[in-house]
Amino acid sequence: MTLEELVGCNITDKKMETVSQALEELLVAAQRQDCLTVGVYESAKLMNVDPDCVVLCVLATDEEDEDDIALQIHFTLIQAFCCDNDINILRVSGISRLAQVLCEPSTADNNANEPKDLHCILVTNPQCQPLKCQALQEVGSYCKESRCKNQWVPYLALQER
């Protein structure tokens, strides 16, 4: 490995860590302001009604989801829609970390309530009271940089803490 490759890896790892933290901050801020839509079907309904309010689409999978053909088809359709409507997209792994960040149970609770479907999460930005936060700018900037490198759907691995 050359020095350039080694330094480049460190910079990339650092950038990924920074963007992961920014994404977590953004999700918490959006949840507090009721600017979060969680679930594949709920997200599809919102994008059908008002795609202009969506500023970020997070598609989350773990290894056990890789063989779920229906989920992969949904992801393909959502990604195509987001690309057509200039909506930033991120693919992430670490659904259990997303559940922690959003204070959602990762398994069914004592009342037999199923956990929310965290495979697709939309961050919306209502026109009446726009979501203003540095984390949104950082994540958006990362998505834009990735598109400039012809990586249309950037990937992040959320780390357990």
# chains A, B, ... in the order shown; residues from 1 in each chain; ligands from 1
>>> residues_around(residues="range 72-76 of chain A", least_positions_apart="4", cutoff="12 Å", atoms="only C-alpha atoms", output="PyMOL selection string")
chain A and resi 39-41+43-44+57-62+65-68+80-83+89-91+119-121+153
>>> residues_around(residues="range 132-137 of chain A", least_positions_apart="6", cutoff="10 Å", atoms="only C-alpha atoms", output="list in words")
Thr18, Val19, Ser20, Gln21, Ala22, Leu23, Glu24, Glu25, Leu26, Leu27, Ala29, Ala30, Val55, Leu56, Val123, Asn125 and Cys143 of chain A
>>> write_last_selection(atoms="N, CA, C and O atoms", output="compact mmCIF listing (two decimals), in the first residue's frame")
# COMPACT_ATOMS: atom_id res chain seq x y z
N THR A 18 -17.72 11.19 10.08
CA THR A 18 -18.33 12.51 10.24
C THR A 18 -19.74 12.53 9.64
O THR A 18 -20.67 13.04 10.25
N VAL A 19 -19.89 11.95 8.46
CA VAL A 19 -21.20 11.93 7.81
C VAL A 19 -22.16 11.03 8.59
O VAL A 19 -23.34 11.35 8.72
N SER A 20 -21.67 9.92 9.12
CA SER A 20 -22.52 9.04 9.93
C SER A 20 -23.06 9.79 11.15
O SER A 20 -24.25 9.70 11.47
N GLN A 21 -22.19 10.53 11.82
CA GLN A 21 -22.63 11.32 12.98
C GLN A 21 -23.62 12.40 12.56
O GLN A 21 -24.62 12.62 13.24
N ALA A 22 -23.35 13.05 11.43
CA ALA A 22 -24.26 14.08 10.94
C ALA A 22 -25.62 13.48 10.60
O ALA A 22 -26.66 14.07 10.90
N LEU A 23 -25.62 12.29 10.00
CA LEU A 23 -26.89 11.62 9.68
C LEU A 23 -27.68 11.33 10.94
O LEU A 23 -28.89 11.59 11.00
N GLU A 24 -27.01 10.82 11.97
CA GLU A 24 -27.69 10.53 13.23
C GLU A 24 -28.27 11.81 13.83
O GLU A 24 -29.42 11.83 14.27
N GLU A 25 -27.50 12.90 13.83
CA GLU A 25 -27.98 14.18 14.34
C GLU A 25 -29.18 14.67 13.53
O GLU A 25 -30.16 15.17 14.10
N LEU A 26 -29.09 14.54 12.22
CA LEU A 26 -30.18 14.97 11.34
C LEU A 26 -31.45 14.19 11.62
O LEU A 26 -32.54 14.79 11.72
N LEU A 27 -31.34 12.88 11.78
CA LEU A 27 -32.53 12.06 12.03
C LEU A 27 -33.20 12.43 13.36
O LEU A 27 -34.42 12.52 13.44
N ALA A 29 -32.96 15.39 14.92
CA ALA A 29 -33.53 16.72 14.77
C ALA A 29 -34.83 16.67 13.96
O ALA A 29 -35.83 17.31 14.32
N ALA A 30 -34.83 15.90 12.89
CA ALA A 30 -36.03 15.78 12.05
C ALA A 30 -37.16 15.10 12.82
O ALA A 30 -38.33 15.50 12.69
N VAL A 55 -36.21 15.89 1.37
CA VAL A 55 -34.83 16.34 1.15
C VAL A 55 -33.81 15.21 1.26
O VAL A 55 -32.69 15.35 0.80
N LEU A 56 -34.20 14.09 1.87
CA LEU A 56 -33.28 12.96 2.01
C LEU A 56 -34.07 11.67 2.15
O LEU A 56 -35.06 11.61 2.87
N VAL A 123 -36.58 12.25 5.22
CA VAL A 123 -36.49 13.51 5.95
C VAL A 123 -37.18 14.54 5.07
O VAL A 123 -36.83 14.69 3.89
N ASN A 125 -38.81 18.55 4.52
CA ASN A 125 -38.49 19.94 4.83
C ASN A 125 -39.72 20.77 4.46
O ASN A 125 -39.83 21.24 3.33
N CYS A 143 -23.73 13.66 -0.28
CA CYS A 143 -24.47 13.07 -1.39
C CYS A 143 -24.06 13.72 -2.71
O CYS A 143 -23.86 13.04 -3.72
>>> select_by_dssp(residues="range 74-156 of chain A", states="strand (DSSP E or B)", output="PyMOL selection string")
chain A and resi 88-93+120-124+155-156
>>> select_by_dssp(residues="chain A", states="alpha helix (DSSP H)", output="ChimeraX atom specification")
/A:3-32,40-49,69-84,95-101,134-148
